[in-house]
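**Student:** So that you have it, the file is protein06.pdb, and it contains PDB, C-alpha atoms:
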```
ATOM      1  CA  MET L   1     -12.791 -20.362  -0.846  1.00  0.00           C
ATOM      2  CA  ILE L   2     -10.672 -19.626  -3.907  1.00  0.00           C
ATOM      3  CA  ASP L   3     -13.916 -19.539  -5.895  1.00  0.00           C
ATOM      4  CA  ALA L   4     -15.181 -16.748  -3.636  1.00  0.00           C
ATOM      5  CA  LEU L   5     -12.076 -14.695  -4.388  1.00  0.00           C
ATOM      6  CA  ASN L   6     -12.415 -15.279  -8.143  1.00  0.00           C
ATOM      7  CA  ILE L   7     -16.085 -14.315  -8.067  1.00  0.00           C
ATOM      8  CA  ALA L   8     -15.319 -11.173  -6.037  1.00  0.00           C
ATOM      9  CA  ALA L   9     -12.504 -10.271  -8.435  1.00  0.00           C
ATOM     10  CA  SER L  10     -14.893 -10.539 -11.386  1.00  0.00           C
ATOM     11  CA  GLY L  11     -17.305  -8.267  -9.543  1.00  0.00           C
ATOM     12  CA  LEU L  12     -14.553  -5.712  -8.979  1.00  0.00           C
ATOM     13  CA  GLN L  13     -13.712  -5.781 -12.701  1.00  0.00           C
ATOM     14  CA  ALA L  14     -17.379  -5.260 -13.577  1.00  0.00           C
ATOM     15  CA  ALA L  15     -17.632  -2.365 -11.124  1.00  0.00           C
ATOM     16  CA  SER L  16     -14.503  -0.836 -12.636  1.00  0.00           C
ATOM     17  CA  ALA L  17     -15.959  -1.053 -16.145  1.00  0.00           C
ATOM     18  CA  GLN L  18     -19.182   0.624 -14.996  1.00  0.00           C
ATOM     19  CA  LEU L  19     -17.266   3.320 -13.150  1.00  0.00           C
ATOM     20  CA  ASN L  20     -15.086   4.034 -16.184  1.00  0.00           C
ATOM     21  CA  ALA L  21     -18.066   4.283 -18.529  1.00  0.00           C
ATOM     22  CA  ALA L  22     -20.011   6.569 -16.186  1.00  0.00           C
ATOM     23  CA  ALA L  23     -16.976   8.791 -15.574  1.00  0.00           C
ATOM     24  CA  ASN L  24     -16.342   9.014 -19.317  1.00  0.00           C
ATOM     25  CA  ASN L  25     -19.986   9.902 -19.923  1.00  0.00           C
ATOM     26  CA  ILE L  26     -20.018  12.589 -17.241  1.00  0.00           C
ATOM     27  CA  GLY L  27     -16.688  13.968 -18.472  1.00  0.00           C
ATOM     28  CA  ASN L  28     -18.140  14.314 -21.975  1.00  0.00           C
ATOM     29  CA  LEU L  29     -21.522  15.654 -20.856  1.00  0.00           C
ATOM     30  CA  ASN L  30     -21.137  18.859 -22.885  1.00  0.00           C
ATOM     31  CA  THR L  31     -19.091  17.433 -25.761  1.00  0.00           C
ATOM     32  CA  PRO L  32     -20.985  18.000 -29.024  1.00  0.00           C
ATOM     33  CA  GLY L  33     -21.778  14.745 -30.846  1.00  0.00           C
ATOM     34  CA  TYR L  34     -20.742  12.501 -27.953  1.00  0.00           C
ATOM     35  CA  SER L  35     -22.860   9.363 -27.485  1.00  0.00           C
ATOM     36  CA  ALA L  36     -23.284   7.934 -24.018  1.00  0.00           C
ATOM     37  CA  GLN L  37     -21.626   4.583 -23.330  1.00  0.00           C
ATOM     38  CA  SER L  38     -23.112   1.690 -21.405  1.00  0.00           C
ATOM     39  CA  VAL L  39     -21.625  -1.520 -20.034  1.00  0.00           C
ATOM     40  CA  SER L  40     -23.246  -4.907 -20.580  1.00  0.00           C
ATOM     41  CA  LEU L  41     -22.782  -7.464 -17.803  1.00  0.00           C
ATOM     42  CA  ALA L  42     -23.599 -11.171 -17.888  1.00  0.00           C
ATOM     43  CA  ALA L  43     -23.373 -14.066 -15.472  1.00  0.00           C
ATOM     44  CA  ALA L  44     -20.088 -15.933 -15.839  1.00  0.00           C
ATOM     45  CA  PRO L  45     -20.342 -19.697 -16.418  1.00  0.00           C
ATOM     46  CA  GLY L  46     -18.241 -20.550 -13.334  1.00  0.00           C
ATOM     47  CA  GLY L  47     -19.845 -17.937 -11.114  1.00  0.00           C
ATOM     48  CA  GLY L  48     -19.367 -14.225 -10.890  1.00  0.00           C
ATOM     49  CA  VAL L  49     -19.923 -11.725 -13.665  1.00  0.00           C
ATOM     50  CA  ASP L  50     -18.390 -11.029 -17.061  1.00  0.00           C
ATOM     51  CA  VAL L  51     -18.227  -7.691 -18.844  1.00  0.00           C
ATOM     52  CA  ASP L  52     -19.886  -8.430 -22.190  1.00  0.00           C
ATOM     53  CA  GLY L  53     -18.675  -5.145 -23.574  1.00  0.00           C
ATOM     54  CA  THR L  54     -19.209  -1.437 -23.789  1.00  0.00           C
ATOM     55  CA  SER L  55     -21.541   0.030 -26.339  1.00  0.00           C
ATOM     56  CA  SER L  56     -22.625   3.458 -27.425  1.00  0.00           C
ATOM     57  CA  SER L  57     -26.284   4.177 -26.899  1.00  0.00           C
ATOM     58  CA  GLY L  58     -26.363   6.792 -29.635  1.00  0.00           C
ATOM     59  CA  GLY L  59     -28.073   9.199 -27.283  1.00  0.00           C
ATOM     60  CA  THR L  60     -26.945  12.099 -25.182  1.00  0.00           C
ATOM     61  CA  VAL L  61     -25.677  11.733 -21.637  1.00  0.00           C
ATOM     62  CA  ASP L  62     -28.419  11.459 -19.011  1.00  0.00           C
ATOM     63  CA  LEU L  63     -26.708  12.869 -15.899  1.00  0.00           C
ATOM     64  CA  PRO L  64     -29.111  11.402 -13.291  1.00  0.00           C
ATOM     65  CA  LYS L  65     -28.697   7.959 -14.874  1.00  0.00           C
ATOM     66  CA  GLN L  66     -24.914   8.311 -14.781  1.00  0.00           C
ATOM     67  CA  LEU L  67     -25.033   9.257 -11.095  1.00  0.00           C
ATOM     68  CA  VAL L  68     -27.075   6.108 -10.430  1.00  0.00           C
ATOM     69  CA  ASN L  69     -24.498   4.096 -12.371  1.00  0.00           C
ATOM     70  CA  LEU L  70     -21.721   5.594 -10.237  1.00  0.00           C
ATOM     71  CA  LYS L  71     -23.580   4.671  -7.047  1.00  0.00           C
ATOM     72  CA  GLN L  72     -24.189   1.152  -8.365  1.00  0.00           C
ATOM     73  CA  ALA L  73     -20.476   0.753  -9.123  1.00  0.00           C
ATOM     74  CA  ALA L  74     -19.600   1.957  -5.607  1.00  0.00           C
ATOM     75  CA  LEU L  75     -22.005  -0.569  -4.083  1.00  0.00           C
ATOM     76  CA  MET L  76     -20.482  -3.314  -6.239  1.00  0.00           C
ATOM     77  CA  TYR L  77     -17.003  -2.356  -5.012  1.00  0.00           C
ATOM     78  CA  ASP L  78     -18.178  -2.407  -1.390  1.00  0.00           C
ATOM     79  CA  ALA L  79     -19.977  -5.758  -1.685  1.00  0.00           C
ATOM     80  CA  ASN L  80     -17.101  -7.497  -3.431  1.00  0.00           C
ATOM     81  CA  GLY L  81     -14.581  -5.940  -1.071  1.00  0.00           C
ATOM     82  CA  MET L  82     -16.568  -7.376   1.835  1.00  0.00           C
ATOM     83  CA  VAL L  83     -16.459 -10.826   0.226  1.00  0.00           C
ATOM     84  CA  ILE L  84     -12.666 -10.554  -0.026  1.00  0.00           C
ATOM     85  CA  ARG L  85     -12.355  -9.400   3.609  1.00  0.00           C
ATOM     86  CA  LEU L  86     -14.599 -12.216   4.885  1.00  0.00           C
ATOM     87  CA  THR L  87     -12.769 -14.813   2.805  1.00  0.00           C
ATOM     88  CA  ASP L  88      -9.486 -13.559   4.245  1.00  0.00           C
ATOM     89  CA  GLN L  89     -10.901 -13.888   7.777  1.00  0.00           C
ATOM     90  CA  MET L  90     -12.115 -17.407   7.026  1.00  0.00           C
ATOM     91  CA  TYR L  91      -8.660 -18.397   5.740  1.00  0.00           C
ATOM     92  CA  GLY L  92      -7.107 -16.891   8.864  1.00  0.00           C
ATOM     93  CA  SER L  93      -9.498 -18.804  11.122  1.00  0.00           C
ATOM     94  CA  LEU L  94      -8.852 -22.033   9.245  1.00  0.00           C
ATOM     95  CA  LEU L  95      -5.094 -21.578   9.536  1.00  0.00           C
ATOM     96  CA  ASN L  96      -5.444 -20.870  13.264  1.00  0.00           C
ATOM     97  CA  ILE L  97      -7.496 -24.049  13.727  1.00  0.00           C
ATOM     98  CA  LEU L  98      -4.989 -26.103  11.772  1.00  0.00           C
ATOM     99  CA  ASP L  99      -2.105 -24.551  13.703  1.00  0.00           C
ATOM    100  CA  ASP L 100      -3.833 -25.249  17.044  1.00  0.00           C
ATOM    101  CA  ASP L 101      -4.500 -28.863  15.995  1.00  0.00           C
ATOM    102  CA  GLY L 102      -0.865 -29.266  15.005  1.00  0.00           C
ATOM    103  CA  GLN L 103       0.347 -27.970  18.354  1.00  0.00           C
ATOM    104  CA  THR L 104      -2.110 -30.190  20.239  1.00  0.00           C
ATOM    105  CA  GLY L 105      -0.972 -33.190  18.209  1.00  0.00           C
ATOM    106  CA  ASP L 106       2.684 -32.394  18.965  1.00  0.00           C
ATOM    107  CA  GLN L 107       1.963 -32.155  22.697  1.00  0.00           C
ATOM    108  CA  ASN L 108       0.190 -35.522  22.663  1.00  0.00           C
ATOM    109  CA  ARG L 109       3.290 -37.139  21.139  1.00  0.00           C
ATOM    110  CA  SER L 110       5.514 -36.016  24.036  1.00  0.00           C
TER     111      SER L 110
END
```
Starting from the file, give its structure as structure tokens.

**Tutor:**
Amino acid sequence: MIDALNIAASGLQAASAQLNAAANNIGNLNTPGYSAQSVSLAAAPGGGVDVDGTSSSGGTVDLPKQLVNLKQAALMYDANGMVIRLTDQMYGSLLNILDDDGQTGDQNRS
């Protein structure tokens, strides 16, 4: 289950990088000479996602594309947040089972 948390954490970092790039692009929409930035993501060897880096496209900011990038980052946050919540619930259930087994075992010893 620790792997699930690490994978979700990498997804949150990737979403953060995309959000930052899109926000920077939108903030500089009317800045003369500004080149839009994009984030490159790649599958991580142990699972999850790595941010390969941020690059400048050399072009102007495409507002509709940046709005899509913002929505994609929000969906990534939601999905990875759900993984963390479900993993937490699974840990809680496992601890409850182990606690119940311990109490049952103690009662049998009496």

**Student:** Rank nothing, just name the residue among L:Asp3, L:Asp78, L:Asp52, L:Asp99 nearest to Ala15 in chain L, using all atoms listed in the file.

**Tutor:** L:Asp78

**Student:** May I have the residues within 10 Å of Asp62 in chain L as an NGL selection string, using only C-alpha atoms and disregarding those fewer than 2 positions away in the same chain?

**Tutor:** :L and (25-26 or 29 or 36 or 59-60 or 64-67)

**Student:** Given only C-alpha atoms as the basis, pick out the residue of L:Leu70, L:Leu98, L:Ala44, L:Ile7 nearest to Asn24 in chain L.

**Tutor:**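 Using only C-alpha atoms, the shortest distance to Asn24 in chain L belongs to L:Leu70.
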
**Student:** Show me, as an MDAnalysis selection string, the residues that have an atom within 7 Å of range 79-86 of chain L when counting all atoms listed in the file, minus same-chain residues fewer than 2 positions from it.

**Tutor:** chainID L and resid 5 8 11:12 75:77 88:90

**Student:** Env of Gly58 in chain L: 10 Å cut, atoms = only C-alpha atoms, seq-sep filter 2 positions within chain, self excluded. Answer as a PDB file with C-alpha atoms, in the coordinates of the input.

**Tutor:**
```
ATOM      1  CA  GLY L  33     -21.778  14.745 -30.846  1.00  0.00           C
ATOM      2  CA  TYR L  34     -20.742  12.501 -27.953  1.00  0.00           C
ATOM      3  CA  SER L  35     -22.860   9.363 -27.485  1.00  0.00           C
ATOM      4  CA  ALA L  36     -23.284   7.934 -24.018  1.00  0.00           C
ATOM      5  CA  GLN L  37     -21.626   4.583 -23.330  1.00  0.00           C
ATOM      6  CA  SER L  55     -21.541   0.030 -26.339  1.00  0.00           C
ATOM      7  CA  SER L  56     -22.625   3.458 -27.425  1.00  0.00           C
ATOM      8  CA  THR L  60     -26.945  12.099 -25.182  1.00  0.00           C
ATOM      9  CA  VAL L  61     -25.677  11.733 -21.637  1.00  0.00           C
TER      10      VAL L  61
END
```

**Student:** What is the CA of Asp50 in chain L to CA of Asn20 in chain L distance in Å?

**Tutor:** 15.4 Å

**Student:** When you count only C-alpha atoms, which of these residues is closest to Ala14 in chain L: L:Gly27, L:Pro45, L:Gly53, L:Gly92?

**Tutor:**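 So, comparing all the options, the nearest one is L:Gly53.
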
**Student:** Record the distance separating CA of Ala73 in chain L and CA of Asn30 in chain L, expressed in Å with one decimal.

**Tutor:**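 Atom-to-atom, CA of Ala73 in chain L and CA of Asn30 in chain L are spaced 22.8 Å apart.
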
**Student:** I need the residue nearest Gly47 in chain L from this list: L:Leu19, L:Ala4, L:Val68, L:Ala74. Use all atoms listed in the file for the distance.

**Tutor:** L:Ala4

**Student:** Would you work out the distance separating CA of Ala21 in chain L from CA of Ala9 in chain L, expressed in Å to one decimal?

**Tutor:**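 Answer for the CA of Ala21 in chain L to CA of Ala9 in chain L separation: 18.6 Å.
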
**Student:** Given 3 Å of margin on each side, can you work out the centre and size in Å (one decimal) of an axis-aligned box holding every listed atom of range 89-104 of chain L, as lines of an AutoDock Vina configuration file?

**Tutor:**
```
center_x = -5.9
center_y = -22.0
center_z = 13.0
size_x = 18.5
size_y = 22.3
size_z = 20.5
```
